[in-house]
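Structure, as structure tokens:
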Amino acid sequence: MRRGFSTAPPAAWRSPTPDSATWRVSARRYRRSASPEEIHSDTGEPAGTLRLNVPNHIGTLFLDQLLIDFMIRYPKMRVETVSEARMIDIVAEGYDAGIRLEESVPQDMIAVPLTGEIRQLVTATPDYFARHGIPETPDDLLSHQGIGMRMAHGGIYRWELARRGETYALAVPPRFATSDLFASIRAVKAGLGVGFLPEIYIQDELKSGELVSVLNDWAQPFAGLRLYYPGHRHVPPGLRALVAMIRERGIIPG
């Protein structure tokens, strides 16, 4: 593990970080020249195209509405997003900015907080726990039916739990495994098994009692999502405007 079990990120957002030396070479090699329309429109408003590389599954969380509001505020701006699990060199691949968990952001990038700390919770329906019992220790999870997240490299994400220096990386037997976070949430809500889900996606279900979480003292928070971009080159006015809007709205609670 790069940073230990206590900061385990959601499986859907995990991706290998490129070698730092390769990243620096790519950053020196690639310089994108700003087109005249990217600098300013004739009205002084940002204009042009903003290209973002983002992880899967965050559109409905907050990004779609943020970008819609951004384009309404700045009608001469266009936005392109590409969603993928792998960690890329945004400079070499021609993106203005990226979004990833803080632990994956290269150290030479400027990072703007989007969300607060995030937790992964062991979660199921009340009916599932009534039928299969409530796990009282992490080891108890190994006798349950898991809803697993398949990683970009093909493996199944191990559930990482930690408390007072004791750590686990559990291969909970999956009854259902998928790379689609929302499919895994639906499977948990259908009572098919117990999942290890980002709390930020299931807050309403937890509040309503549709889902319940257990072993919460083993769920350690980790730093959340960040918009990041290189500070060593020209920052387009459109990106500056987006950063200003993000700071204006404040971070999204984890």
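How things are named: the first chain in the structure tokens is A, the next is B, and so on; residues count from 1 in each chain; ligands count from 1 in the order shown.
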Excluding A:Val112 and residues on its chain fewer than 6 positions from it, collect all residues at most 7 Å away from it, counting only C-alpha atoms, and give them as a tab-separated table (two decimals) with N, CA and C atoms, in the first residue's frame.
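File written: around-v7.tsv
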chain	number	residue	atom	x	y	z
A	226	ARG	N	-9.48	16.29	-5.06
A	226	ARG	CA	-8.85	17.57	-5.34
A	226	ARG	C	-8.87	17.83	-6.85
A	227	LEU	N	-9.15	19.08	-7.23
A	227	LEU	CA	-8.87	19.55	-8.59
A	227	LEU	C	-7.40	19.94	-8.60
A	228	TYR	N	-6.65	19.47	-9.58
A	228	TYR	CA	-5.22	19.80	-9.60
A	228	TYR	C	-4.78	20.19	-11.01
Please report, as a compact mmCIF listing (two decimals) with N, CA, C and O atoms, in the first residue's frame, each residue of stretch 27-249 of chain A to which DSSP assigns helix (DSSP H, G or I) when run on this structure's backbone.
# COMPACT_ATOMS: atom_id res chain seq x y z
N ALA A 27 6.43 16.94 -18.12
CA ALA A 27 6.02 18.32 -17.87
C ALA A 27 6.96 19.29 -18.57
O ALA A 27 6.53 20.31 -19.11
N ARG A 28 8.26 18.98 -18.59
CA ARG A 28 9.21 19.85 -19.27
C ARG A 28 9.03 19.78 -20.78
O ARG A 28 9.19 20.77 -21.49
N ARG A 29 8.67 18.58 -21.28
CA ARG A 29 8.58 18.38 -22.72
C ARG A 29 7.35 19.05 -23.31
O ARG A 29 7.35 19.52 -24.43
N PRO A 36 -5.75 32.54 -28.76
CA PRO A 36 -6.27 33.86 -28.42
C PRO A 36 -7.59 33.81 -27.67
O PRO A 36 -7.82 34.58 -26.75
N GLU A 37 -8.48 32.88 -28.04
CA GLU A 37 -9.78 32.83 -27.38
C GLU A 37 -9.67 32.32 -25.95
O GLU A 37 -10.53 32.58 -25.12
N GLU A 38 -8.59 31.58 -25.63
CA GLU A 38 -8.42 31.10 -24.28
C GLU A 38 -7.97 32.22 -23.34
O GLU A 38 -8.14 32.11 -22.15
N ILE A 39 -7.37 33.25 -23.90
CA ILE A 39 -6.85 34.31 -23.05
C ILE A 39 -8.00 35.18 -22.55
O ILE A 39 -8.19 35.35 -21.36
N GLY A 59 -19.62 12.36 -11.46
CA GLY A 59 -20.52 13.31 -12.12
C GLY A 59 -21.76 13.59 -11.31
O GLY A 59 -22.09 14.75 -11.02
N THR A 60 -22.49 12.57 -10.94
CA THR A 60 -23.73 12.77 -10.21
C THR A 60 -23.48 13.23 -8.78
O THR A 60 -24.39 13.77 -8.14
N LEU A 61 -22.27 13.02 -8.28
CA LEU A 61 -21.96 13.43 -6.92
C LEU A 61 -21.96 14.95 -6.79
O LEU A 61 -22.55 15.51 -5.88
N PHE A 62 -21.28 15.63 -7.71
CA PHE A 62 -21.26 17.09 -7.67
C PHE A 62 -20.77 17.71 -8.98
O PHE A 62 -21.11 18.85 -9.30
N LEU A 63 -19.98 16.97 -9.78
CA LEU A 63 -19.27 17.59 -10.89
C LEU A 63 -20.21 18.06 -11.99
O LEU A 63 -20.02 19.16 -12.55
N ASP A 64 -21.22 17.26 -12.34
CA ASP A 64 -22.13 17.65 -13.42
C ASP A 64 -22.75 19.01 -13.14
O ASP A 64 -22.75 19.90 -13.99
N GLN A 65 -23.29 19.19 -11.94
CA GLN A 65 -23.96 20.45 -11.62
C GLN A 65 -22.97 21.61 -11.56
O GLN A 65 -23.28 22.72 -12.00
N LEU A 66 -21.77 21.34 -11.02
CA LEU A 66 -20.74 22.39 -10.98
C LEU A 66 -20.42 22.89 -12.38
O LEU A 66 -20.37 24.11 -12.63
N LEU A 67 -20.22 21.98 -13.31
CA LEU A 67 -19.83 22.38 -14.67
C LEU A 67 -20.99 23.02 -15.43
O LEU A 67 -20.78 23.93 -16.23
N ILE A 68 -22.21 22.54 -15.18
CA ILE A 68 -23.38 23.18 -15.80
C ILE A 68 -23.48 24.63 -15.33
O ILE A 68 -23.66 25.57 -16.13
N ASP A 69 -23.36 24.83 -14.02
CA ASP A 69 -23.44 26.20 -13.48
C ASP A 69 -22.29 27.06 -14.01
O ASP A 69 -22.46 28.26 -14.26
N PHE A 70 -21.11 26.45 -14.16
CA PHE A 70 -19.96 27.19 -14.68
C PHE A 70 -20.23 27.67 -16.11
O PHE A 70 -19.96 28.82 -16.45
N MET A 71 -20.78 26.80 -16.95
CA MET A 71 -21.05 27.18 -18.34
C MET A 71 -22.20 28.17 -18.46
O MET A 71 -22.23 29.00 -19.37
N ILE A 72 -23.15 28.11 -17.52
CA ILE A 72 -24.21 29.13 -17.50
C ILE A 72 -23.63 30.49 -17.14
O ILE A 72 -23.96 31.52 -17.74
N ARG A 73 -22.72 30.51 -16.17
CA ARG A 73 -22.11 31.77 -15.76
C ARG A 73 -21.20 32.33 -16.84
O ARG A 73 -21.12 33.55 -17.02
N GLU A 102 -6.53 13.14 -3.02
CA GLU A 102 -5.33 13.91 -2.67
C GLU A 102 -4.06 13.05 -2.71
O GLU A 102 -3.01 13.51 -3.18
N GLU A 103 -4.16 11.81 -2.27
CA GLU A 103 -2.96 10.97 -2.21
C GLU A 103 -2.39 10.65 -3.59
O GLU A 103 -1.22 10.27 -3.71
N SER A 104 -3.19 10.81 -4.64
CA SER A 104 -2.74 10.50 -5.98
C SER A 104 -2.23 11.72 -6.74
O SER A 104 -1.70 11.59 -7.84
N PRO A 126 -30.82 -3.50 6.71
CA PRO A 126 -31.20 -4.12 7.99
C PRO A 126 -31.65 -5.57 7.82
O PRO A 126 -31.35 -6.43 8.66
N ASP A 127 -32.36 -5.85 6.73
CA ASP A 127 -32.83 -7.22 6.50
C ASP A 127 -31.67 -8.18 6.28
O ASP A 127 -31.69 -9.31 6.78
N TYR A 128 -30.65 -7.74 5.52
CA TYR A 128 -29.49 -8.61 5.32
C TYR A 128 -28.83 -8.96 6.65
O TYR A 128 -28.53 -10.13 6.92
N PHE A 129 -28.61 -7.98 7.50
CA PHE A 129 -27.97 -8.26 8.79
C PHE A 129 -28.89 -9.10 9.68
O PHE A 129 -28.40 -9.92 10.47
N ALA A 130 -30.21 -8.94 9.55
CA ALA A 130 -31.13 -9.78 10.32
C ALA A 130 -31.02 -11.24 9.91
O ALA A 130 -31.13 -12.16 10.73
N ARG A 131 -30.78 -11.47 8.62
CA ARG A 131 -30.69 -12.85 8.11
C ARG A 131 -29.32 -13.47 8.32
O ARG A 131 -29.21 -14.68 8.53
N HIS A 132 -28.27 -12.65 8.25
CA HIS A 132 -26.90 -13.19 8.26
C HIS A 132 -26.10 -12.85 9.50
O HIS A 132 -24.98 -13.33 9.67
N PRO A 138 -13.68 -7.41 12.23
CA PRO A 138 -13.37 -7.50 10.80
C PRO A 138 -13.32 -8.94 10.30
O PRO A 138 -13.77 -9.22 9.18
N ASP A 139 -12.78 -9.86 11.09
CA ASP A 139 -12.70 -11.25 10.66
C ASP A 139 -14.07 -11.85 10.37
O ASP A 139 -14.20 -12.74 9.52
N ASP A 140 -15.11 -11.37 11.08
CA ASP A 140 -16.45 -11.89 10.85
C ASP A 140 -16.92 -11.65 9.42
O ASP A 140 -17.79 -12.37 8.90
N LEU A 141 -16.37 -10.62 8.76
CA LEU A 141 -16.80 -10.30 7.40
C LEU A 141 -16.48 -11.42 6.41
O LEU A 141 -17.12 -11.54 5.37
N LEU A 142 -15.50 -12.23 6.74
CA LEU A 142 -15.09 -13.29 5.81
C LEU A 142 -16.15 -14.37 5.65
O LEU A 142 -16.10 -15.16 4.71
N SER A 143 -17.11 -14.41 6.57
CA SER A 143 -18.20 -15.39 6.45
C SER A 143 -19.45 -14.79 5.82
O SER A 143 -20.48 -15.44 5.74
N LEU A 181 -19.44 1.52 -9.47
CA LEU A 181 -19.79 1.85 -8.10
C LEU A 181 -21.29 1.85 -7.87
O LEU A 181 -21.79 1.34 -6.87
N PHE A 182 -22.04 2.43 -8.83
CA PHE A 182 -23.47 2.53 -8.63
C PHE A 182 -24.16 1.17 -8.70
O PHE A 182 -25.16 0.94 -8.02
N ALA A 183 -23.61 0.26 -9.50
CA ALA A 183 -24.15 -1.10 -9.51
C ALA A 183 -23.92 -1.78 -8.17
O ALA A 183 -24.77 -2.53 -7.67
N SER A 184 -22.76 -1.54 -7.57
CA SER A 184 -22.49 -2.14 -6.26
C SER A 184 -23.42 -1.56 -5.20
O SER A 184 -23.90 -2.29 -4.32
N ILE A 185 -23.70 -0.28 -5.27
CA ILE A 185 -24.64 0.32 -4.31
C ILE A 185 -26.02 -0.28 -4.48
O ILE A 185 -26.70 -0.62 -3.50
N ARG A 186 -26.46 -0.43 -5.73
CA ARG A 186 -27.78 -1.03 -5.97
C ARG A 186 -27.84 -2.46 -5.45
O ARG A 186 -28.86 -2.89 -4.88
N ALA A 187 -26.74 -3.21 -5.61
CA ALA A 187 -26.73 -4.59 -5.13
C ALA A 187 -26.82 -4.65 -3.61
O ALA A 187 -27.52 -5.50 -3.05
N VAL A 188 -26.12 -3.74 -2.94
CA VAL A 188 -26.21 -3.69 -1.48
C VAL A 188 -27.62 -3.32 -1.06
O VAL A 188 -28.20 -3.94 -0.14
N LYS A 189 -28.21 -2.32 -1.71
CA LYS A 189 -29.57 -1.89 -1.36
C LYS A 189 -30.60 -2.98 -1.64
O LYS A 189 -31.66 -3.02 -0.99
N GLU A 199 -19.01 6.68 2.07
CA GLU A 199 -20.12 7.29 2.81
C GLU A 199 -20.74 8.45 2.04
O GLU A 199 -21.96 8.67 2.10
N ILE A 200 -19.94 9.18 1.29
CA ILE A 200 -20.41 10.37 0.58
C ILE A 200 -21.50 10.03 -0.43
O ILE A 200 -22.32 10.87 -0.78
N TYR A 201 -21.55 8.77 -0.91
CA TYR A 201 -22.54 8.35 -1.91
C TYR A 201 -23.82 7.79 -1.30
O TYR A 201 -24.80 7.61 -2.01
N GLN A 203 -25.25 8.79 1.90
CA GLN A 203 -25.67 9.53 3.08
C GLN A 203 -27.18 9.51 3.26
O GLN A 203 -27.68 9.36 4.38
N ASP A 204 -27.94 9.65 2.18
CA ASP A 204 -29.40 9.66 2.29
C ASP A 204 -29.91 8.30 2.76
O ASP A 204 -30.82 8.23 3.60
N GLU A 205 -29.35 7.23 2.22
CA GLU A 205 -29.79 5.88 2.62
C GLU A 205 -29.46 5.60 4.08
O GLU A 205 -30.23 4.93 4.78
N LEU A 206 -28.34 6.10 4.55
CA LEU A 206 -27.98 5.90 5.97
C LEU A 206 -28.91 6.70 6.87
O LEU A 206 -29.34 6.22 7.93
N LYS A 207 -29.24 7.93 6.46
CA LYS A 207 -30.13 8.77 7.28
C LYS A 207 -31.54 8.18 7.35
O LYS A 207 -32.20 8.25 8.40
N SER A 208 -32.00 7.61 6.24
CA SER A 208 -33.35 7.05 6.21
C SER A 208 -33.45 5.68 6.87
O SER A 208 -34.56 5.22 7.16
N ASN A 216 -17.97 0.83 12.51
CA ASN A 216 -17.61 2.20 12.15
C ASN A 216 -16.31 2.67 12.79
O ASN A 216 -15.63 3.55 12.23
N ASP A 217 -15.97 2.12 13.95
CA ASP A 217 -14.71 2.53 14.57
C ASP A 217 -13.50 1.99 13.83
O ASP A 217 -12.36 2.38 14.12
N TRP A 218 -13.71 1.11 12.86
CA TRP A 218 -12.63 0.62 12.00
C TRP A 218 -12.53 1.41 10.70
O TRP A 218 -11.62 1.17 9.89
N PRO A 237 -7.59 31.52 -18.35
CA PRO A 237 -8.62 32.24 -17.59
C PRO A 237 -9.82 31.37 -17.23
O PRO A 237 -10.40 31.53 -16.16
N GLY A 238 -10.19 30.44 -18.12
CA GLY A 238 -11.33 29.57 -17.82
C GLY A 238 -11.06 28.70 -16.61
O GLY A 238 -11.95 28.48 -15.77
N LEU A 239 -9.85 28.18 -16.49
CA LEU A 239 -9.50 27.37 -15.33
C LEU A 239 -9.46 28.22 -14.08
O LEU A 239 -9.92 27.81 -13.01
N ARG A 240 -8.91 29.43 -14.19
CA ARG A 240 -8.90 30.33 -13.03
C ARG A 240 -10.33 30.62 -12.57
O ARG A 240 -10.61 30.68 -11.37
N ALA A 241 -11.24 30.79 -13.53
CA ALA A 241 -12.64 31.07 -13.18
C ALA A 241 -13.29 29.87 -12.50
O ALA A 241 -14.07 30.02 -11.55
N LEU A 242 -12.97 28.66 -12.97
CA LEU A 242 -13.52 27.46 -12.34
C LEU A 242 -13.00 27.31 -10.92
O LEU A 242 -13.76 26.99 -10.00
N VAL A 243 -11.71 27.55 -10.72
CA VAL A 243 -11.14 27.47 -9.38
C VAL A 243 -11.82 28.48 -8.46
O VAL A 243 -12.15 28.18 -7.30
N ALA A 244 -12.05 29.68 -8.96
CA ALA A 244 -12.72 30.71 -8.15
C ALA A 244 -14.13 30.27 -7.77
O ALA A 244 -14.59 30.48 -6.64
N MET A 245 -14.85 29.62 -8.71
CA MET A 245 -16.19 29.15 -8.40
C MET A 245 -16.16 28.05 -7.35
O MET A 245 -17.01 28.00 -6.43
N ILE A 246 -15.20 27.14 -7.45
CA ILE A 246 -15.07 26.07 -6.46
C ILE A 246 -14.82 26.65 -5.07
O ILE A 246 -15.44 26.25 -4.08
N ARG A 247 -13.92 27.63 -4.99
CA ARG A 247 -13.61 28.24 -3.69
C ARG A 247 -14.80 29.03 -3.16
O ARG A 247 -15.04 29.10 -1.96
N GLU A 248 -15.55 29.63 -4.07
CA GLU A 248 -16.75 30.37 -3.69
C GLU A 248 -17.79 29.45 -3.05
O GLU A 248 -18.45 29.81 -2.08
N ARG A 249 -17.94 28.26 -3.59
CA ARG A 249 -18.95 27.31 -3.11
C ARG A 249 -18.52 26.58 -1.84
O ARG A 249 -19.35 26.10 -1.08
Please return, as an mmCIF file with N, CA and C atoms, in the first residue's frame, all residues of stretch 23-246 of chain A that DSSP assigns to strand (DSSP E) on the basis of the backbone.
data_model
loop_
_atom_site.group_PDB
_atom_site.id
_atom_site.type_symbol
_atom_site.label_atom_id
_atom_site.label_comp_id
_atom_site.auth_asym_id
_atom_site.auth_seq_id
_atom_site.Cartn_x
_atom_site.Cartn_y
_atom_site.Cartn_z
ATOM 1 N N GLY A 48 -13.268 29.842 -24.514
ATOM 2 C CA GLY A 48 -12.436 28.754 -24.997
ATOM 3 C C GLY A 48 -12.896 27.415 -24.445
ATOM 4 N N THR A 49 -12.001 26.439 -24.481
ATOM 5 C CA THR A 49 -12.313 25.073 -24.069
ATOM 6 C C THR A 49 -11.483 24.678 -22.864
ATOM 7 N N LEU A 50 -12.152 24.119 -21.870
ATOM 8 C CA LEU A 50 -11.499 23.619 -20.667
ATOM 9 C C LEU A 50 -11.583 22.099 -20.682
ATOM 10 N N ARG A 51 -10.421 21.427 -20.659
ATOM 11 C CA ARG A 51 -10.380 19.959 -20.721
ATOM 12 C C ARG A 51 -10.005 19.406 -19.355
ATOM 13 N N LEU A 52 -10.834 18.501 -18.837
ATOM 14 C CA LEU A 52 -10.635 17.929 -17.506
ATOM 15 C C LEU A 52 -10.583 16.412 -17.585
ATOM 16 N N ASN A 53 -9.658 15.789 -16.850
ATOM 17 C CA ASN A 53 -9.613 14.340 -16.700
ATOM 18 C C ASN A 53 -10.050 14.015 -15.278
ATOM 19 N N VAL A 54 -11.076 13.195 -15.148
ATOM 20 C CA VAL A 54 -11.705 12.984 -13.840
ATOM 21 C C VAL A 54 -11.890 11.487 -13.584
ATOM 22 N N MET A 77 -17.533 29.722 -22.562
ATOM 23 C CA MET A 77 -16.668 28.594 -22.208
ATOM 24 C C MET A 77 -17.287 27.275 -22.663
ATOM 25 N N ARG A 78 -16.438 26.383 -23.161
ATOM 26 C CA ARG A 78 -16.810 25.002 -23.454
ATOM 27 C C ARG A 78 -16.025 24.105 -22.507
ATOM 28 N N VAL A 79 -16.604 22.964 -22.164
ATOM 29 C CA VAL A 79 -15.952 22.037 -21.238
ATOM 30 C C VAL A 79 -15.971 20.640 -21.832
ATOM 31 N N GLU A 80 -14.830 19.965 -21.770
ATOM 32 C CA GLU A 80 -14.721 18.562 -22.153
ATOM 33 C C GLU A 80 -14.206 17.784 -20.945
ATOM 34 N N THR A 81 -14.878 16.686 -20.611
ATOM 35 C CA THR A 81 -14.402 15.825 -19.530
ATOM 36 C C THR A 81 -14.198 14.412 -20.051
ATOM 37 N N VAL A 82 -13.178 13.751 -19.551
ATOM 38 C CA VAL A 82 -12.936 12.341 -19.811
ATOM 39 C C VAL A 82 -12.859 11.643 -18.457
ATOM 40 N N SER A 83 -13.685 10.615 -18.269
ATOM 41 C CA SER A 83 -13.714 9.869 -17.017
ATOM 42 C C SER A 83 -12.987 8.551 -17.186
ATOM 43 N N ALA A 97 -6.641 20.363 -16.395
ATOM 44 C CA ALA A 97 -6.671 20.002 -14.980
ATOM 45 C C ALA A 97 -7.192 18.576 -14.841
ATOM 46 N N GLY A 98 -7.017 18.024 -13.663
ATOM 47 C CA GLY A 98 -7.537 16.702 -13.349
ATOM 48 C C GLY A 98 -8.214 16.722 -11.993
ATOM 49 N N ILE A 99 -8.921 15.659 -11.698
ATOM 50 C CA ILE A 99 -9.516 15.467 -10.367
ATOM 51 C C ILE A 99 -9.147 14.071 -9.901
ATOM 52 N N ARG A 100 -8.565 13.982 -8.724
ATOM 53 C CA ARG A 100 -8.227 12.699 -8.114
ATOM 54 C C ARG A 100 -8.217 12.861 -6.590
ATOM 55 N N LEU A 101 -8.124 11.729 -5.887
ATOM 56 C CA LEU A 101 -7.916 11.784 -4.446
ATOM 57 C C LEU A 101 -6.592 12.474 -4.145
ATOM 58 N N MET A 109 2.013 19.668 -8.301
ATOM 59 C CA MET A 109 0.774 20.245 -8.815
ATOM 60 C C MET A 109 0.122 21.144 -7.763
ATOM 61 N N ILE A 110 -0.634 22.124 -8.241
ATOM 62 C CA ILE A 110 -1.491 22.925 -7.370
ATOM 63 C C ILE A 110 -2.783 22.143 -7.155
ATOM 64 N N ALA A 111 -3.195 21.961 -5.902
ATOM 65 C CA ALA A 111 -4.376 21.160 -5.580
ATOM 66 C C ALA A 111 -5.422 22.022 -4.879
ATOM 67 N N VAL A 112 -6.656 21.952 -5.360
ATOM 68 C CA VAL A 112 -7.766 22.724 -4.802
ATOM 69 C C VAL A 112 -8.765 21.737 -4.191
ATOM 70 N N PRO A 113 -9.041 21.823 -2.893
ATOM 71 C CA PRO A 113 -9.972 20.871 -2.269
ATOM 72 C C PRO A 113 -11.378 20.956 -2.863
ATOM 73 N N GLN A 120 -14.867 4.967 3.978
ATOM 74 C CA GLN A 120 -15.503 3.770 3.428
ATOM 75 C C GLN A 120 -16.190 3.056 4.593
ATOM 76 N N LEU A 121 -17.461 2.693 4.408
ATOM 77 C CA LEU A 121 -18.232 2.062 5.474
ATOM 78 C C LEU A 121 -18.673 0.659 5.081
ATOM 79 N N VAL A 122 -18.603 -0.253 6.049
ATOM 80 C CA VAL A 122 -19.158 -1.597 5.893
ATOM 81 C C VAL A 122 -20.670 -1.464 6.033
ATOM 82 N N THR A 123 -21.380 -1.784 4.963
ATOM 83 C CA THR A 123 -22.782 -1.388 4.855
ATOM 84 C C THR A 123 -23.637 -2.508 4.282
ATOM 85 N N ALA A 124 -24.866 -2.617 4.791
ATOM 86 C CA ALA A 124 -25.850 -3.545 4.233
ATOM 87 C C ALA A 124 -27.238 -3.075 4.643
ATOM 88 N N GLY A 146 -20.045 -10.780 0.077
ATOM 89 C CA GLY A 146 -19.576 -9.438 -0.223
ATOM 90 C C GLY A 146 -20.070 -8.925 -1.565
ATOM 91 N N ILE A 147 -20.161 -7.603 -1.660
ATOM 92 C CA ILE A 147 -20.356 -6.915 -2.935
ATOM 93 C C ILE A 147 -19.018 -6.252 -3.233
ATOM 94 N N GLY A 148 -18.281 -6.794 -4.191
ATOM 95 C CA GLY A 148 -16.897 -6.387 -4.402
ATOM 96 C C GLY A 148 -16.743 -5.382 -5.527
ATOM 97 N N MET A 149 -15.690 -4.563 -5.415
ATOM 98 C CA MET A 149 -15.332 -3.619 -6.468
ATOM 99 C C MET A 149 -14.131 -4.159 -7.224
ATOM 100 N N TRP A 159 -10.849 -4.895 1.407
ATOM 101 C CA TRP A 159 -11.431 -3.928 2.328
ATOM 102 C C TRP A 159 -10.402 -3.598 3.405
ATOM 103 N N GLU A 160 -10.023 -2.332 3.470
ATOM 104 C CA GLU A 160 -8.946 -1.905 4.351
ATOM 105 C C GLU A 160 -9.526 -1.224 5.590
ATOM 106 N N LEU A 161 -9.301 -1.827 6.734
ATOM 107 C CA LEU A 161 -9.839 -1.355 8.007
ATOM 108 C C LEU A 161 -8.689 -1.160 8.989
ATOM 109 N N ALA A 162 -8.837 -0.176 9.867
ATOM 110 C CA ALA A 162 -7.768 0.100 10.834
ATOM 111 C C ALA A 162 -8.354 0.677 12.111
ATOM 112 N N ARG A 163 -7.726 0.290 13.239
ATOM 113 C CA ARG A 163 -8.126 0.847 14.539
ATOM 114 C C ARG A 163 -6.977 0.673 15.517
ATOM 115 N N GLU A 166 -4.049 -1.501 14.630
ATOM 116 C CA GLU A 166 -4.367 -2.822 14.074
ATOM 117 C C GLU A 166 -4.994 -2.628 12.709
ATOM 118 N N THR A 167 -4.491 -3.354 11.724
ATOM 119 C CA THR A 167 -4.946 -3.140 10.353
ATOM 120 C C THR A 167 -5.369 -4.447 9.692
ATOM 121 N N TYR A 168 -6.311 -4.317 8.766
ATOM 122 C CA TYR A 168 -6.783 -5.453 7.976
ATOM 123 C C TYR A 168 -6.861 -5.045 6.512
ATOM 124 N N ALA A 169 -6.617 -5.987 5.622
ATOM 125 C CA ALA A 169 -6.920 -5.858 4.197
ATOM 126 C C ALA A 169 -7.645 -7.132 3.814
ATOM 127 N N LEU A 170 -8.961 -7.090 3.864
ATOM 128 C CA LEU A 170 -9.783 -8.294 3.804
ATOM 129 C C LEU A 170 -10.256 -8.607 2.389
ATOM 130 N N PRO A 174 -16.733 -12.271 -2.738
ATOM 131 C CA PRO A 174 -17.782 -11.510 -3.423
ATOM 132 C C PRO A 174 -18.847 -12.412 -4.031
ATOM 133 N N ARG A 175 -20.079 -12.138 -3.702
ATOM 134 C CA ARG A 175 -21.176 -12.754 -4.430
ATOM 135 C C ARG A 175 -21.375 -12.046 -5.759
ATOM 136 N N PHE A 176 -21.067 -10.748 -5.749
ATOM 137 C CA PHE A 176 -21.192 -9.924 -6.949
ATOM 138 C C PHE A 176 -19.996 -8.981 -6.970
ATOM 139 N N ALA A 177 -19.284 -8.924 -8.089
ATOM 140 C CA ALA A 177 -18.140 -8.017 -8.244
ATOM 141 C C ALA A 177 -18.333 -7.190 -9.499
ATOM 142 N N THR A 178 -18.046 -5.903 -9.403
ATOM 143 C CA THR A 178 -18.260 -4.997 -10.518
ATOM 144 C C THR A 178 -17.302 -3.820 -10.410
ATOM 145 N N VAL A 194 -23.088 -7.555 1.716
ATOM 146 C CA VAL A 194 -22.540 -6.422 2.457
ATOM 147 C C VAL A 194 -21.482 -5.749 1.588
ATOM 148 N N GLY A 195 -21.494 -4.420 1.572
ATOM 149 C CA GLY A 195 -20.558 -3.680 0.748
ATOM 150 C C GLY A 195 -19.633 -2.815 1.577
ATOM 151 N N PHE A 196 -18.602 -2.325 0.919
ATOM 152 C CA PHE A 196 -17.640 -1.399 1.536
ATOM 153 C C PHE A 196 -17.703 -0.135 0.687
ATOM 154 N N LEU A 197 -18.584 0.799 1.090
ATOM 155 C CA LEU A 197 -19.007 1.882 0.211
ATOM 156 C C LEU A 197 -18.575 3.243 0.719
ATOM 157 N N PRO A 198 -18.294 4.181 -0.200
ATOM 158 C CA PRO A 198 -17.971 5.550 0.210
ATOM 159 C C PRO A 198 -19.192 6.219 0.853
ATOM 160 N N VAL A 212 -27.603 0.416 6.792
ATOM 161 C CA VAL A 212 -26.960 0.641 8.088
ATOM 162 C C VAL A 212 -25.489 0.269 7.947
ATOM 163 N N SER A 213 -24.658 0.930 8.718
ATOM 164 C CA SER A 213 -23.226 0.644 8.696
ATOM 165 C C SER A 213 -22.807 0.027 10.024
ATOM 166 N N VAL A 214 -21.794 -0.828 9.959
ATOM 167 C CA VAL A 214 -21.267 -1.496 11.144
ATOM 168 C C VAL A 214 -19.750 -1.349 11.157
ATOM 169 N N LEU A 225 -11.248 14.444 -2.525
ATOM 170 C CA LEU A 225 -10.961 14.753 -3.921
ATOM 171 C C LEU A 225 -10.400 16.162 -4.071
ATOM 172 N N ARG A 226 -9.483 16.286 -5.057
ATOM 173 C CA ARG A 226 -8.849 17.566 -5.341
ATOM 174 C C ARG A 226 -8.873 17.829 -6.850
ATOM 175 N N LEU A 227 -9.152 19.079 -7.230
ATOM 176 C CA LEU A 227 -8.870 19.546 -8.587
ATOM 177 C C LEU A 227 -7.396 19.945 -8.599
ATOM 178 N N TYR A 228 -6.651 19.465 -9.584
ATOM 179 C CA TYR A 228 -5.225 19.799 -9.605
ATOM 180 C C TYR A 228 -4.781 20.193 -11.012
ATOM 181 N N TYR A 229 -3.753 21.033 -11.054
ATOM 182 C CA TYR A 229 -3.229 21.514 -12.331
ATOM 183 C C TYR A 229 -1.802 21.998 -12.111
ATOM 184 N N PRO A 230 -1.001 22.049 -13.167
ATOM 185 C CA PRO A 230 0.393 22.466 -13.022
ATOM 186 C C PRO A 230 0.501 23.968 -12.791
#
Discussion item. From the options A:Ile118, A:Ala171, A:Leu211, A:Val235, which residue's atoms come nearest to A:Gly155, counting only C-alpha atoms?
Written reply: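 Distance minimum relative to A:Gly155 lands on A:Ala171.
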Worksheet item: In terms of the shortest atom-to-atom distance over only C-alpha atoms, which of A:Arg158, A:Arg119, A:His57, A:His232 is closest to A:Val172?
Response: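 Selected residue with least distance to A:Val172: A:Arg158.
What separates atom CA of A:Ser179 from atom CA of A:Arg150 is a distance of 4.6 Å.
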Item to complete: Have a look at atom CA of A:Thr115 and atom CA of A:Ala219 and let me know their distance in Å, one decimal.
Response: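 Computing the Euclidean distance for atom CA of A:Thr115 and atom CA of A:Ala219 yields 17.5 Å.
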Worksheet entry | Atomic separation - atom CA of A:Gln220 relative to atom CA of A:Thr125, Å |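 Distance between the two atoms: 21.5 Å.
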